[in-house]
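work-v8.tsv follows (TSV, C-alpha atoms and all ligand atoms):
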```
chain	number	residue	atom	x	y	z
A	349	MET	CA	3.57	-73.18	41.55
A	350	GLN	CA	4.12	-71.63	38.11
A	351	VAL	CA	6.91	-69.06	37.97
A	352	LEU	CA	7.52	-66.85	34.97
A	353	LEU	CA	11.15	-65.74	34.82
A	354	VAL	CA	11.78	-62.64	32.71
A	355	GLU	CA	15.54	-62.27	32.32
A	356	ASP	CA	17.61	-61.51	29.22
A	357	ASN	CA	20.94	-62.72	30.61
A	358	SER	CA	20.77	-66.32	29.40
A	359	LEU	CA	23.46	-67.62	31.74
A	360	LEU	CA	21.77	-66.11	34.79
A	361	ALA	CA	18.36	-67.28	33.57
A	362	ALA	CA	19.62	-70.85	33.16
A	363	GLY	CA	21.09	-70.82	36.66
A	364	ILE	CA	17.92	-69.43	38.24
A	365	SER	CA	15.67	-71.83	36.29
A	366	GLN	CA	17.71	-74.81	37.36
A	367	ALA	CA	17.71	-73.80	41.03
A	368	LEU	CA	13.99	-73.08	41.00
A	369	ARG	CA	13.14	-76.39	39.34
A	370	ALA	CA	15.29	-78.21	41.88
A	371	ALA	CA	13.26	-76.44	44.59
A	372	GLY	CA	10.01	-77.70	43.06
A	373	PHE	CA	8.84	-74.66	41.10
A	374	ASN	CA	7.63	-74.92	37.51
A	375	VAL	CA	9.59	-72.34	35.56
A	376	ASN	CA	8.83	-70.75	32.23
A	377	HIS	CA	11.53	-68.40	30.94
A	378	VAL	CA	11.30	-65.50	28.50
A	379	SER	CA	13.90	-62.83	27.78
A	380	ARG	CA	11.86	-60.00	26.28
A	381	GLY	CA	9.25	-57.71	27.75
A	382	LYS	CA	6.85	-58.35	24.90
A	383	ASP	CA	7.04	-62.12	25.46
A	384	ALA	CA	6.62	-61.59	29.20
A	385	LEU	CA	3.35	-59.72	28.69
A	386	ALA	CA	2.08	-62.41	26.33
A	387	ALA	CA	2.99	-65.17	28.80
A	388	ILE	CA	1.40	-63.32	31.73
A	389	LYS	CA	-1.78	-62.91	29.74
A	390	SER	CA	-1.98	-66.47	28.46
A	391	SER	CA	-0.80	-68.48	31.45
A	392	GLN	CA	-1.43	-66.23	34.51
A	393	PRO	CA	1.71	-67.40	36.35
A	394	ASP	CA	1.52	-67.59	40.15
A	395	ILE	CA	4.66	-65.47	40.53
A	396	VAL	CA	6.68	-63.34	38.08
A	397	ILE	CA	10.40	-62.72	38.54
A	398	LEU	CA	11.10	-59.63	36.50
A	399	ASP	CA	14.44	-58.17	35.43
A	400	LEU	CA	14.24	-54.42	34.85
A	401	GLY	CA	16.86	-54.10	32.10
A	402	LEU	CA	15.26	-55.92	29.17
A	403	PRO	CA	16.31	-55.53	25.52
A	404	ASP	CA	12.97	-54.31	24.16
A	405	MET	CA	11.22	-52.65	27.08
A	406	ASP	CA	11.85	-51.40	30.60
A	407	GLY	CA	10.82	-53.98	33.20
A	408	LEU	CA	8.83	-51.31	35.04
A	409	GLU	CA	6.81	-50.78	31.88
A	410	VAL	CA	6.14	-54.54	31.72
A	411	LEU	CA	4.96	-54.38	35.33
A	412	ARG	CA	2.77	-51.35	34.71
A	413	ARG	CA	1.07	-52.96	31.72
A	414	ALA	CA	0.60	-56.29	33.50
A	415	ARG	CA	-1.11	-54.55	36.43
A	416	GLN	CA	-3.20	-52.57	33.95
A	417	GLU	CA	-4.33	-55.89	32.46
A	418	ARG	CA	-5.35	-56.87	35.99
A	419	TYR	CA	-2.60	-59.36	36.61
A	420	SER	CA	-2.70	-59.44	40.41
A	421	ASN	CA	-0.26	-62.18	41.49
A	422	PRO	CA	3.09	-61.34	43.11
A	423	VAL	CA	5.89	-59.79	41.06
A	424	LEU	CA	9.47	-59.89	42.32
A	425	ILE	CA	11.79	-57.41	40.67
A	426	LEU	CA	15.35	-58.46	39.93
A	427	THR	CA	17.82	-55.86	38.89
A	428	ALA	CA	21.32	-54.51	39.03
A	429	ARG	CA	19.97	-51.02	39.53
A	430	ASP	CA	20.54	-50.93	43.24
A	431	THR	CA	19.35	-47.42	43.93
A	432	THR	CA	16.67	-46.24	46.28
A	433	HIS	CA	14.97	-44.44	43.42
A	434	ASP	CA	14.48	-47.63	41.38
A	435	LYS	CA	13.41	-49.55	44.42
A	436	VAL	CA	10.71	-47.04	45.25
A	437	SER	CA	9.44	-46.76	41.69
A	438	GLY	CA	9.35	-50.57	41.45
A	439	LEU	CA	7.26	-50.91	44.56
A	440	ASP	CA	5.08	-47.96	43.58
A	441	GLY	CA	4.61	-49.62	40.20
A	442	GLY	CA	3.01	-52.65	41.82
A	443	ALA	CA	5.95	-54.93	42.62
A	444	ASP	CA	5.69	-57.11	45.74
A	445	ASP	CA	9.36	-57.56	46.41
A	446	TYR	CA	12.73	-56.46	45.14
A	447	LEU	CA	16.11	-58.19	44.93
A	448	ALA	CA	19.30	-56.44	43.80
A	449	LYS	CA	21.91	-58.28	41.73
A	450	PRO	CA	24.16	-59.91	42.63
A	451	PHE	CA	22.16	-62.06	45.01
A	452	GLU	CA	22.42	-65.49	46.56
A	453	ILE	CA	20.07	-68.04	45.01
A	454	ASP	CA	19.04	-69.07	48.53
A	455	GLU	CA	17.81	-65.56	49.17
A	456	LEU	CA	15.75	-65.62	45.97
A	457	LEU	CA	14.24	-68.96	47.01
A	458	ALA	CA	13.41	-67.60	50.48
A	459	ARG	CA	11.69	-64.55	48.95
A	460	LEU	CA	9.72	-66.77	46.58
A	461	ARG	CA	8.54	-68.96	49.42
A	462	ALA	CA	7.41	-65.86	51.30
A	463	LEU	CA	5.44	-64.69	48.23
A	464	GLU	CA	4.05	-68.19	47.80
A	465	ARG	CA	2.77	-68.15	51.38
A	466	ARG	CA	1.18	-64.77	50.85
A	467	LEU	CA	-0.42	-66.02	47.65
A	468	GLY	CA	-1.60	-69.15	49.43
A	469	SER	CA	-3.21	-67.25	52.25
A	470	SER	CA	-4.98	-64.86	49.91
A	471	LYS	CA	-6.21	-67.76	47.81
A	472	SER	CA	-7.21	-70.07	50.64
A	473	LYS	CA	-10.59	-68.45	51.06
A	474	ASP	CA	-13.62	-70.55	50.34
A	475	LEU	CA	-14.92	-70.16	46.85
A	476	GLN	CA	-18.66	-69.89	46.46
A	477	ILE	CA	-20.63	-69.33	43.29
A	478	GLY	CA	-24.32	-70.02	43.02
A	479	GLY	CA	-25.01	-73.14	45.06
A	480	VAL	CA	-21.52	-74.51	44.49
A	481	SER	CA	-18.90	-74.06	47.18
A	482	LEU	CA	-15.32	-75.21	47.25
A	483	ASP	CA	-13.37	-75.32	50.49
A	484	THR	CA	-9.67	-74.99	49.69
A	485	THR	CA	-8.67	-76.23	53.14
A	486	THR	CA	-10.64	-79.48	53.26
A	487	LEU	CA	-10.77	-79.81	49.42
A	488	GLU	CA	-14.49	-80.45	49.75
A	489	VAL	CA	-16.92	-79.39	47.05
A	490	THR	CA	-20.62	-79.14	47.79
A	491	VAL	CA	-23.69	-78.32	45.70
A	492	ASP	CA	-26.45	-76.83	47.86
A	493	GLY	CA	-24.76	-78.42	50.85
A	494	THR	CA	-24.46	-81.90	49.34
A	495	PRO	CA	-20.84	-83.10	49.06
A	496	LEU	CA	-19.57	-84.15	45.63
A	497	LEU	CA	-16.98	-86.81	44.96
A	498	MET	CA	-14.34	-85.75	42.49
A	499	SER	CA	-10.85	-86.61	41.35
A	500	ARG	CA	-7.89	-84.40	42.21
A	501	ARG	CA	-7.68	-83.08	38.65
A	502	GLU	CA	-11.40	-82.35	38.52
A	503	TYR	CA	-11.02	-80.46	41.78
A	504	MET	CA	-8.04	-78.46	40.46
A	505	LEU	CA	-9.88	-77.65	37.27
A	506	LEU	CA	-12.99	-76.48	39.11
A	507	LYS	CA	-10.84	-74.44	41.51
A	508	ALA	CA	-9.01	-72.77	38.61
A	509	LEU	CA	-12.31	-71.85	36.96
A	510	MET	CA	-13.94	-70.60	40.17
A	511	GLU	CA	-10.88	-68.54	41.14
A	512	SER	CA	-11.05	-66.82	37.77
A	513	ALA	CA	-14.82	-66.50	37.64
A	514	ASN	CA	-16.11	-64.38	34.74
A	515	LYS	CA	-12.74	-64.61	32.99
A	516	VAL	CA	-12.54	-67.09	30.14
A	517	GLN	CA	-9.92	-69.75	30.74
A	518	THR	CA	-8.39	-71.14	27.58
A	519	ARG	CA	-7.60	-74.83	27.26
A	520	ASP	CA	-3.89	-73.98	27.39
A	521	MET	CA	-4.31	-72.04	30.62
A	522	LEU	CA	-6.20	-74.91	32.20
A	523	ASP	CA	-3.68	-77.44	30.89
A	524	SER	CA	-0.83	-75.55	32.50
A	525	LYS	CA	-2.67	-75.38	35.82
A	526	LEU	CA	-3.46	-79.08	35.77
A	527	TYR	CA	-0.06	-80.36	34.82
A	528	GLY	CA	3.51	-79.34	35.44
A	529	TRP	CA	5.30	-78.02	32.39
A	530	GLY	CA	6.93	-80.80	30.46
A	531	GLU	CA	4.57	-83.43	31.83
A	532	GLU	CA	2.74	-85.51	29.25
A	533	ILE	CA	-0.73	-84.21	28.53
A	534	SER	CA	-3.20	-86.16	26.47
A	535	SER	CA	-4.67	-83.74	23.96
A	536	ASN	CA	-8.26	-83.92	25.21
A	537	ALA	CA	-7.56	-84.18	28.95
A	538	VAL	CA	-9.25	-80.89	29.84
A	539	GLU	CA	-12.37	-81.72	27.80
A	540	VAL	CA	-12.65	-85.09	29.48
A	541	HIS	CA	-12.43	-83.59	32.96
A	542	ILE	CA	-14.90	-80.80	32.05
A	543	HIS	CA	-17.30	-83.42	30.72
A	544	ASN	CA	-17.10	-85.36	33.99
A	545	LEU	CA	-17.40	-82.21	36.10
A	546	ARG	CA	-20.52	-81.10	34.25
A	547	LYS	CA	-22.27	-84.35	35.13
A	548	LYS	CA	-21.78	-83.46	38.81
A	549	LEU	CA	-22.47	-79.72	38.73
A	550	PRO	CA	-25.67	-77.76	38.10
A	551	ASP	CA	-26.66	-77.38	34.42
A	552	GLY	CA	-24.86	-74.53	32.69
A	553	PHE	CA	-22.45	-73.93	35.59
A	554	ILE	CA	-19.39	-74.34	33.37
A	555	ARG	CA	-19.99	-72.55	30.10
A	556	THR	CA	-18.15	-73.27	26.88
A	557	VAL	CA	-16.82	-70.31	24.94
A	558	ARG	CA	-16.68	-71.85	21.52
A	559	GLY	CA	-13.17	-72.20	20.11
A	560	VAL	CA	-11.64	-70.47	23.15
A	561	GLY	CA	-12.21	-72.22	26.43
A	562	TYR	CA	-14.47	-72.24	29.46
A	563	VAL	CA	-15.89	-69.80	31.98
A	564	ILE	CA	-17.91	-69.86	35.18
A	565	LYS	CA	-20.07	-66.77	35.64
A	566	SER	CA	-20.56	-65.48	39.15
A	567	VAL	CA	-23.14	-62.86	38.19
A	601	CA	CA	18.95	-57.46	31.99
```
In structure tokens, write the structure found in this file.
Ligand code: CA
Amino acid sequence: MQVLLVEDNSLLAAGISQALRAAGFNVNHVSRGKDALAAIKSSQPDIVILDLGLPDMDGLEVLRRARQERYSNPVLILTARDTTHDKVSGLDGGADDYLAKPFEIDELLARLRALERRLGSSKSKDLQIGGVSLDTTTLEVTVDGTPLLMSRREYMLLKALMESANKVQTRDMLDSKLYGWGEEISSNAVEVHIHNLRKKLPDGFIRTVRGVGYVIKSV
């Protein structure tokens, strides 16, 4: 589970990051709104924890722009502004949850797990494109009903591409979905897995966007 933490208080950010990593989340931290938008766009984190008082931009503006760019995963707002007005505008602006500072780290973890479950249930639908279907419960992939054998990383790569059908996935995006941050990645790992996947899938199913990445078209 990739979490993007957007928080300009470096002490608080370090504390949250450490607690989240200890709880098994992969955490990427940025402290500015501009960097948050860039990270959301490039790595499509599973969950964003967003402070509202950022040095360069209001957190609600970050949220608004992210939703405009069709970022649809959960966003949890974190702020000292404990007023009903801010709470309502945060939720109206597309936030999924809201936590007022100061908070207990255990409460943050509980909220994240709740969002994770919601994310999991919305993502656990079967994926089907063309004759290829991927069952996220049994982890089975079939082509026209015939089961395919694949490695865990091939499966994860195919799932990432099918979940984001019609949206080009860059090598970096796929890398970050395949491996935890900080884990060693051999430079051509994604290409190798794509190469192996293509041998199993119908011709042209995974398309290369030259110099950018890969895409699966559903239409
Ligand atoms: Ca702040």
Which residue is closest to ligand CA 601 (chain A)? Choose from A:Gly363, A:Pro393, A:Gly401, A:Gly438 and count all atoms listed in the file.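 Nearest to ligand CA 601 (chain A): A:Gly401.
Using only C-alpha atoms, the smallest distance between any of A:Lys435, A:Asp523, A:Phe451, A:Lys548 and A:Leu496 comes from A:Lys548.
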Find the distance between atom CA of A:Ser437 and atom CA of A:Asp406 and write it in Å to one decimal.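 Atom-to-atom, atom CA of A:Ser437 and atom CA of A:Asp406 are spaced 12.3 Å apart.
With only C-alpha atoms and all ligand atoms as the basis for measurement, A:Ala428 is the residue among A:Lys382, A:Ala428, A:Gln392, A:Arg369 that approaches ligand CA 601 (chain A) most closely.
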Residue nearest ligand CA 601 (chain A) among A:Leu359, A:Val563, A:Val489, A:Leu526 (counting only C-alpha atoms and all ligand atoms): A:Leu359
A:Arg415, A:Ala537, A:Leu497, A:Leu475: which is nearest A:Ser512, counting only C-alpha atoms?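 So, comparing all the options, the nearest one is A:Leu475.
Residues of protein, DNA or RNA having any atom at most 10 Å from ligand CA 601 (chain A), counting only C-alpha atoms and all ligand atoms, are Val354, Glu355, Asp356, Asn357, Ser358, Leu360, Ala361, Ser379, Arg380, Leu398, Asp399, Leu400, Gly401, Leu402, Pro403, Asp406, Gly407, Leu426, Thr427, Ala428 and Arg429 of chain A.
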